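Dumped coords_10.cif below, it's mmCIF, C-alpha atoms and all ligand atoms:
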```cif
data_target
loop_
_atom_site.group_PDB
_atom_site.id
_atom_site.type_symbol
_atom_site.label_atom_id
_atom_site.label_comp_id
_atom_site.auth_asym_id
_atom_site.auth_seq_id
_atom_site.Cartn_x
_atom_site.Cartn_y
_atom_site.Cartn_z
ATOM 1 C CA MET G 1494 -26.442 0.513 -3.472
ATOM 2 C CA ALA G 1495 -23.631 2.752 -2.311
ATOM 3 C CA ALA G 1496 -25.762 3.936 0.563
ATOM 4 C CA SER G 1497 -26.465 0.344 1.608
ATOM 5 C CA CYS G 1498 -22.792 -0.495 1.451
ATOM 6 C CA GLN G 1499 -21.971 2.390 3.721
ATOM 7 C CA ARG G 1500 -24.639 1.312 6.117
ATOM 8 C CA TRP G 1501 -23.465 -2.298 6.114
ATOM 9 C CA LEU G 1502 -19.884 -1.326 6.662
ATOM 10 C CA ALA G 1503 -20.922 0.616 9.734
ATOM 11 C CA CYS G 1504 -23.532 -1.730 11.170
ATOM 12 C CA ALA G 1505 -22.819 -3.993 14.088
ATOM 13 C CA ASP G 1506 -25.073 -6.862 13.028
ATOM 14 C CA LEU G 1507 -24.518 -7.469 9.330
ATOM 15 C CA GLN G 1508 -26.650 -10.605 9.317
ATOM 16 C CA GLN G 1509 -29.651 -8.783 10.740
ATOM 17 C CA GLU G 1510 -29.242 -5.948 8.263
ATOM 18 C CA VAL G 1511 -29.047 -8.323 5.315
ATOM 19 C CA TYR G 1512 -32.108 -10.252 6.414
ATOM 20 C CA CYS G 1513 -34.085 -7.027 6.673
ATOM 21 C CA HIS G 1514 -32.864 -6.009 3.261
ATOM 22 C CA LEU G 1515 -33.911 -9.332 1.724
ATOM 23 C CA ALA G 1516 -37.290 -9.278 3.443
ATOM 24 C CA GLU G 1517 -37.918 -5.910 1.904
ATOM 25 C CA TYR G 1518 -36.706 -6.528 -1.644
ATOM 26 C CA VAL G 1519 -37.326 -10.193 -2.421
ATOM 27 C CA PRO G 1520 -41.138 -9.776 -2.567
ATOM 28 C CA ARG G 1521 -40.788 -6.563 -4.558
ATOM 29 C CA ILE G 1522 -38.599 -8.075 -7.218
ATOM 30 C CA LEU G 1523 -39.861 -11.627 -7.518
ATOM 31 C CA CYS G 1524 -43.590 -10.989 -7.080
ATOM 32 C CA GLN G 1525 -43.951 -8.387 -9.766
ATOM 33 C CA GLY G 1526 -45.401 -10.846 -12.297
ATOM 34 C CA GLY G 1527 -48.221 -9.493 -14.457
ATOM 35 C CA GLY G 1528 -47.594 -10.945 -17.914
ATOM 36 C CA MET G 1529 -50.125 -8.775 -19.757
ATOM 37 C CA ALA G 1530 -47.509 -6.498 -21.246
ATOM 38 C CA GLU G 1531 -46.642 -6.831 -24.914
ATOM 39 C CA HIS G 1532 -43.567 -8.811 -25.836
ATOM 40 C CA ARG G 1533 -40.973 -6.075 -26.107
ATOM 41 C CA GLU G 1534 -42.093 -4.532 -22.856
ATOM 42 C CA GLU G 1535 -41.857 -7.904 -21.218
ATOM 43 C CA GLN G 1536 -38.296 -8.395 -22.302
ATOM 44 C CA ARG G 1537 -37.298 -5.051 -20.974
ATOM 45 C CA GLU G 1538 -39.072 -5.871 -17.758
ATOM 46 C CA GLU G 1539 -37.143 -9.134 -17.550
ATOM 47 C CA GLN G 1540 -33.861 -7.363 -18.035
ATOM 48 C CA ARG G 1541 -34.720 -4.890 -15.333
ATOM 49 C CA GLU G 1542 -35.711 -7.703 -13.054
ATOM 50 C CA GLU G 1543 -32.420 -9.440 -13.661
ATOM 51 C CA LEU G 1544 -30.471 -6.301 -12.945
ATOM 52 C CA ALA G 1545 -32.466 -5.662 -9.817
ATOM 53 C CA LEU G 1546 -31.915 -9.237 -8.775
ATOM 54 C CA GLN G 1547 -28.197 -8.802 -9.247
ATOM 55 C CA LEU G 1548 -27.959 -5.486 -7.437
ATOM 56 C CA LEU G 1549 -30.440 -5.968 -4.659
ATOM 57 C CA LEU G 1550 -30.282 -9.680 -3.926
ATOM 58 C CA LEU G 1551 -27.026 -11.232 -5.065
ATOM 59 C CA ALA G 1552 -24.774 -8.426 -3.934
ATOM 60 C CA PRO G 1553 -26.233 -8.459 -0.414
ATOM 61 C CA LEU G 1554 -25.867 -12.237 -0.351
ATOM 62 C CA GLU G 1555 -22.227 -11.862 -1.240
ATOM 63 C CA TRP G 1556 -21.898 -9.398 1.586
ATOM 64 C CA PHE G 1557 -23.566 -11.793 3.903
ATOM 65 C CA LEU G 1558 -21.540 -14.822 2.866
ATOM 66 C CA LEU G 1559 -18.208 -13.070 2.784
ATOM 67 C CA GLY G 1560 -18.836 -10.905 5.807
ATOM 68 C CA GLY G 1561 -17.838 -7.681 4.140
ATOM 69 C CA GLU G 1562 -17.322 -5.851 0.920
ATOM 70 C CA PRO G 1563 -17.469 -8.533 -1.829
ATOM 71 C CA ALA G 1564 -14.227 -7.764 -3.652
ATOM 72 C CA ALA G 1565 -12.244 -7.698 -0.440
ATOM 73 C CA GLY G 1566 -13.929 -10.861 0.757
ATOM 74 C CA LEU G 1567 -13.149 -12.701 -2.458
ATOM 75 C CA ALA G 1568 -9.534 -11.631 -2.227
ATOM 76 C CA LEU G 1569 -9.421 -13.028 1.286
ATOM 77 C CA LEU G 1570 -10.993 -16.251 0.061
ATOM 78 C CA GLN G 1571 -8.338 -16.516 -2.593
ATOM 79 C CA GLN G 1572 -5.537 -15.898 -0.131
ATOM 80 C CA GLY G 1573 -6.960 -18.210 2.493
ATOM 81 C CA GLY G 1574 -7.945 -20.910 0.020
ATOM 82 C CA GLY G 1575 -4.543 -22.524 0.226
ATOM 83 C CA SER G 1576 -4.350 -22.928 -3.524
ATOM 84 C CA ALA G 1577 -0.804 -22.534 -4.785
ATOM 85 C CA ALA G 1578 -1.865 -20.028 -7.407
ATOM 86 C CA LEU G 1579 0.778 -17.465 -6.501
ATOM 87 C CA CYS G 1580 4.492 -18.117 -6.735
ATOM 88 C CA GLY G 1581 5.790 -15.299 -4.548
ATOM 89 C CA HIS G 1582 9.371 -16.503 -4.865
ATOM 90 C CA VAL G 1583 11.644 -13.832 -3.329
ATOM 91 C CA PHE G 1584 14.672 -13.001 -5.429
ATOM 92 C CA LYS G 1585 18.172 -13.154 -4.088
ATOM 93 C CA VAL G 1586 20.760 -10.617 -5.225
ATOM 94 C CA GLY G 1587 21.997 -11.516 -8.696
ATOM 95 C CA GLU G 1588 19.181 -13.955 -9.445
ATOM 96 C CA PRO G 1589 17.848 -13.712 -13.009
ATOM 97 C CA THR G 1590 14.317 -12.316 -13.389
ATOM 98 C CA TYR G 1591 12.199 -12.339 -16.510
ATOM 99 C CA SER G 1592 9.565 -9.933 -17.749
ATOM 100 C CA CYS G 1593 7.457 -9.977 -20.884
ATOM 101 C CA ARG G 1594 7.416 -6.877 -23.061
ATOM 102 C CA GLU G 1595 4.091 -7.965 -24.539
ATOM 103 C CA CYS G 1596 2.177 -9.016 -21.449
ATOM 104 C CA ALA G 1597 3.563 -7.364 -18.312
ATOM 105 C CA ALA G 1598 1.234 -4.709 -16.884
ATOM 106 C CA ASP G 1599 4.317 -2.645 -16.038
ATOM 107 C CA PRO G 1600 8.097 -3.168 -16.130
ATOM 108 C CA THR G 1601 8.249 -4.173 -12.463
ATOM 109 C CA CYS G 1602 6.217 -7.311 -13.149
ATOM 110 C CA VAL G 1603 8.692 -10.167 -13.245
ATOM 111 C CA LEU G 1604 8.864 -13.945 -13.121
ATOM 112 C CA CYS G 1605 11.413 -16.209 -11.507
ATOM 113 C CA MET G 1606 13.267 -18.500 -13.877
ATOM 114 C CA GLN G 1607 11.218 -21.576 -13.052
ATOM 115 C CA CYS G 1608 7.923 -19.785 -13.646
ATOM 116 C CA PHE G 1609 9.208 -18.111 -16.780
ATOM 117 C CA LEU G 1610 10.280 -21.426 -18.303
ATOM 118 C CA ALA G 1611 6.865 -22.899 -17.539
ATOM 119 C CA SER G 1612 4.974 -19.857 -18.853
ATOM 120 C CA ALA G 1613 3.735 -18.797 -22.260
ATOM 121 C CA HIS G 1614 6.005 -15.759 -22.118
ATOM 122 C CA ARG G 1615 9.126 -17.705 -23.024
ATOM 123 C CA HIS G 1616 7.741 -17.583 -26.570
ATOM 124 C CA HIS G 1617 7.102 -13.839 -26.370
ATOM 125 C CA ARG G 1618 9.434 -10.876 -26.539
ATOM 126 C CA TYR G 1619 10.833 -11.161 -23.044
ATOM 127 C CA ARG G 1620 13.449 -9.281 -21.107
ATOM 128 C CA MET G 1621 15.882 -10.809 -18.666
ATOM 129 C CA THR G 1622 17.350 -8.750 -15.851
ATOM 130 C CA THR G 1623 19.341 -9.495 -12.765
ATOM 131 C CA SER G 1624 17.589 -8.912 -9.483
ATOM 132 C CA GLY G 1625 18.975 -6.458 -6.991
ATOM 133 C CA GLY G 1626 17.381 -8.671 -4.348
ATOM 134 C CA GLY G 1627 14.136 -8.366 -2.437
ATOM 135 C CA GLY G 1628 11.543 -8.355 -5.227
ATOM 136 C CA PHE G 1629 9.292 -11.322 -5.728
ATOM 137 C CA CYS G 1630 7.888 -13.379 -8.577
ATOM 138 C CA ASP G 1631 4.541 -12.068 -9.860
ATOM 139 C CA CYS G 1632 3.453 -15.403 -11.274
ATOM 140 C CA GLY G 1633 -0.245 -15.940 -10.572
ATOM 141 C CA ASP G 1634 -1.049 -12.255 -10.097
ATOM 142 C CA ALA G 1635 -3.792 -11.586 -12.637
ATOM 143 C CA GLU G 1636 -3.230 -7.845 -12.369
ATOM 144 C CA ALA G 1637 0.443 -8.068 -13.264
ATOM 145 C CA TRP G 1638 -0.077 -9.751 -16.630
ATOM 146 C CA LYS G 1639 -2.373 -8.910 -19.515
ATOM 147 C CA THR G 1640 -2.321 -12.537 -20.581
ATOM 148 C CA GLY G 1641 -0.871 -15.712 -19.121
ATOM 149 C CA PRO G 1642 -0.776 -14.637 -15.459
ATOM 150 C CA SER G 1643 0.106 -18.133 -14.259
ATOM 151 C CA CYS G 1644 2.807 -20.543 -15.339
ATOM 152 C CA GLN G 1645 1.966 -24.226 -15.700
ATOM 153 C CA ASN G 1646 3.072 -24.878 -12.131
ATOM 154 C CA HIS G 1647 0.842 -22.185 -10.666
ATOM 155 C CA THR G 1648 -2.296 -22.586 -12.789
ATOM 156 C CA PRO G 1649 -5.150 -23.444 -10.430
ATOM 157 C CA ALA G 1650 -6.403 -26.956 -11.131
ATOM 158 C CA ASP G 1651 -9.919 -25.612 -11.527
ATOM 159 C CA GLN G 1652 -10.265 -21.978 -12.526
ATOM 160 C CA ASN G 1653 -13.901 -21.974 -11.409
ATOM 161 C CA ARG G 1654 -13.225 -23.388 -7.986
ATOM 162 C CA GLU G 1655 -14.096 -20.176 -6.217
ATOM 163 C CA THR G 1656 -17.520 -19.714 -7.789
ATOM 164 C CA GLU G 1657 -18.327 -23.380 -7.316
ATOM 165 C CA GLU G 1658 -17.658 -23.057 -3.635
ATOM 166 C CA VAL G 1659 -19.918 -20.043 -3.298
ATOM 167 C CA ARG G 1660 -22.773 -21.284 -5.510
ATOM 168 C CA PRO G 1661 -24.051 -24.091 -3.278
ATOM 169 C CA LEU G 1662 -24.265 -21.577 -0.440
ATOM 170 C CA LEU G 1663 -26.292 -19.254 -2.622
ATOM 171 C CA ALA G 1664 -28.589 -22.102 -3.645
ATOM 172 C CA TRP G 1665 -29.406 -22.672 -0.038
ATOM 173 C CA PHE G 1666 -31.291 -19.386 0.162
HETATM 174 ZN ZN ZN Q 1701 7.862 -17.832 -9.736
HETATM 175 ZN ZN ZN Q 1702 4.664 -19.812 -11.511
HETATM 176 ZN ZN ZN Q 1703 4.038 -12.628 -22.579
#
```
Step by step, read the file and then write its structure as structure tokens.
Amino acid sequence: MAASCQRWLACADLQQEVYCHLAEYVPRILCQGGGMAEHREEQREEQREELALQLLLLAPLEWFLLGGEPAAGLALLQQGGGSAALCGHVFKVGEPTYSCRECAADPTCVLCMQCFLASAHRHHRYRMTTSGGGGFCDCGDAEAWKTGPSCQNHTPADQNRETEEVRPLLAWF
């Protein structure tokens, strides 16, 4: 897979590359059939098929749909999706900031007052500090918080929105 990724990153015509890849692997994976193996063997075969499907078919499709490395593409989708999932409030000097001793990934992860009051962390062991200015609210950043990354105001209306948008495209293939 890593080799393919390298190749796809470098290639000029991603679409062409992905089509070739699919033409090569779809028949191999989906036409294996057989069915004469004993039950346990069959199950293992199914698992392998599923894994192969995931690695060889779905990952390339993600590449194709997102036009690049999947994780980066998804991040772009999230940013460009226009959903107000991130607060990003920039602190002024002297503004109170709140962190949660239980849930913050590190001590620099902070919430603005509005997000803090609308978050689960107000019931946790929190820490209030005064901003020196310039930092921003980490509400909505899943990597900044072990639990409760979003306050009530910044919880996406539908957590599964992203996958639901991609699925119909996948079904088309
Ligand atoms: Zn905020
Ligand atoms: Zn918030
Ligand atoms: Zn907390």
Using only C-alpha atoms and all ligand atoms, which residues of the polymer chains come no farther than 12 Å from ligand ZN 1702 (chain Q)? I'd like the answer as a count of residues only. 35
Within 9 Å of ligand ZN 1703 (chain Q) (all atoms listed in the file), residues as a ChimeraX atom specification: /G:1592-1597,1612-1619,1638-1642
Just the number, please: distance in Å from CA of Leu1551 (chain G) to CA of Glu1517 (chain G), one decimal.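 Value for the CA of Leu1551 (chain G)-CA of Glu1517 (chain G) distance: 14.0 Å.
Our summary of the geometry notes that CA of Gln1508 (chain G) is positioned 28.9 Å from CA of Glu1539 (chain G).
Going from CA of Ser1624 (chain G) to CA of Gly1587 (chain G) covers 5.2 Å.
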Could region 1589-1618 of chain G be completed with N, CA and C atoms and written as a short mmCIF file (atom, residue, chain, number, x, y, z; two decimals), in the coordinates of the input, please?
```cif
data_model
loop_
_atom_site.label_atom_id
_atom_site.label_comp_id
_atom_site.auth_asym_id
_atom_site.auth_seq_id
_atom_site.Cartn_x
_atom_site.Cartn_y
_atom_site.Cartn_z
N PRO G 1589 18.48 -14.21 -11.78
CA PRO G 1589 17.85 -13.71 -13.01
C PRO G 1589 16.33 -13.58 -12.84
N THR G 1590 15.78 -12.49 -13.37
CA THR G 1590 14.32 -12.32 -13.39
C THR G 1590 13.89 -12.07 -14.83
N TYR G 1591 12.67 -12.44 -15.14
CA TYR G 1591 12.20 -12.34 -16.51
C TYR G 1591 10.91 -11.53 -16.55
N SER G 1592 10.82 -10.64 -17.54
CA SER G 1592 9.56 -9.93 -17.75
C SER G 1592 9.19 -10.10 -19.21
N CYS G 1593 7.91 -9.84 -19.51
CA CYS G 1593 7.46 -9.98 -20.88
C CYS G 1593 7.09 -8.60 -21.42
N ARG G 1594 7.71 -8.19 -22.49
CA ARG G 1594 7.42 -6.88 -23.06
C ARG G 1594 5.99 -6.82 -23.59
N GLU G 1595 5.43 -7.95 -23.95
CA GLU G 1595 4.09 -7.96 -24.54
C GLU G 1595 3.00 -8.03 -23.48
N CYS G 1596 3.27 -8.70 -22.38
CA CYS G 1596 2.18 -9.02 -21.45
C CYS G 1596 2.28 -8.37 -20.07
N ALA G 1597 3.44 -7.92 -19.66
CA ALA G 1597 3.56 -7.36 -18.31
C ALA G 1597 2.76 -6.08 -18.20
N ALA G 1598 2.03 -5.92 -17.11
CA ALA G 1598 1.23 -4.71 -16.88
C ALA G 1598 2.16 -3.51 -16.72
N ASP G 1599 3.29 -3.70 -16.10
CA ASP G 1599 4.32 -2.64 -16.04
C ASP G 1599 5.69 -3.32 -15.89
N PRO G 1600 6.76 -2.54 -16.08
CA PRO G 1600 8.10 -3.17 -16.13
C PRO G 1600 8.54 -3.82 -14.82
N THR G 1601 7.84 -3.55 -13.72
CA THR G 1601 8.25 -4.17 -12.46
C THR G 1601 7.67 -5.58 -12.30
N CYS G 1602 6.80 -5.98 -13.24
CA CYS G 1602 6.22 -7.31 -13.15
C CYS G 1602 7.21 -8.33 -13.69
N VAL G 1603 7.64 -9.22 -12.85
CA VAL G 1603 8.69 -10.17 -13.24
C VAL G 1603 8.34 -11.59 -12.82
N LEU G 1604 9.02 -12.53 -13.46
CA LEU G 1604 8.86 -13.94 -13.12
C LEU G 1604 10.21 -14.50 -12.69
N CYS G 1605 10.18 -15.48 -11.81
CA CYS G 1605 11.41 -16.21 -11.51
C CYS G 1605 11.70 -17.14 -12.69
N MET G 1606 12.89 -17.71 -12.71
CA MET G 1606 13.27 -18.50 -13.88
C MET G 1606 12.36 -19.71 -14.06
N GLN G 1607 12.05 -20.38 -12.95
CA GLN G 1607 11.22 -21.58 -13.05
C GLN G 1607 9.84 -21.25 -13.63
N CYS G 1608 9.24 -20.16 -13.15
CA CYS G 1608 7.92 -19.78 -13.65
C CYS G 1608 8.02 -19.35 -15.11
N PHE G 1609 9.04 -18.58 -15.41
CA PHE G 1609 9.21 -18.11 -16.78
C PHE G 1609 9.29 -19.29 -17.75
N LEU G 1610 10.09 -20.28 -17.40
CA LEU G 1610 10.28 -21.43 -18.30
C LEU G 1610 9.00 -22.24 -18.45
N ALA G 1611 8.13 -22.15 -17.47
CA ALA G 1611 6.86 -22.90 -17.54
C ALA G 1611 5.72 -22.02 -18.03
N SER G 1612 6.03 -20.78 -18.44
CA SER G 1612 4.97 -19.86 -18.85
C SER G 1612 4.93 -19.70 -20.36
N ALA G 1613 3.86 -19.06 -20.83
CA ALA G 1613 3.74 -18.80 -22.26
C ALA G 1613 4.72 -17.72 -22.71
N HIS G 1614 5.20 -16.93 -21.76
CA HIS G 1614 6.00 -15.76 -22.12
C HIS G 1614 7.38 -16.11 -22.67
N ARG G 1615 7.82 -17.33 -22.47
CA ARG G 1615 9.13 -17.70 -23.02
C ARG G 1615 9.10 -17.66 -24.55
N HIS G 1616 7.87 -17.69 -25.12
CA HIS G 1616 7.74 -17.58 -26.57
C HIS G 1616 7.50 -16.15 -27.01
N HIS G 1617 7.37 -15.24 -26.04
CA HIS G 1617 7.10 -13.84 -26.37
C HIS G 1617 8.41 -13.05 -26.40
N ARG G 1618 8.25 -11.73 -26.61
CA ARG G 1618 9.43 -10.88 -26.54
C ARG G 1618 9.70 -10.58 -25.07
#
```
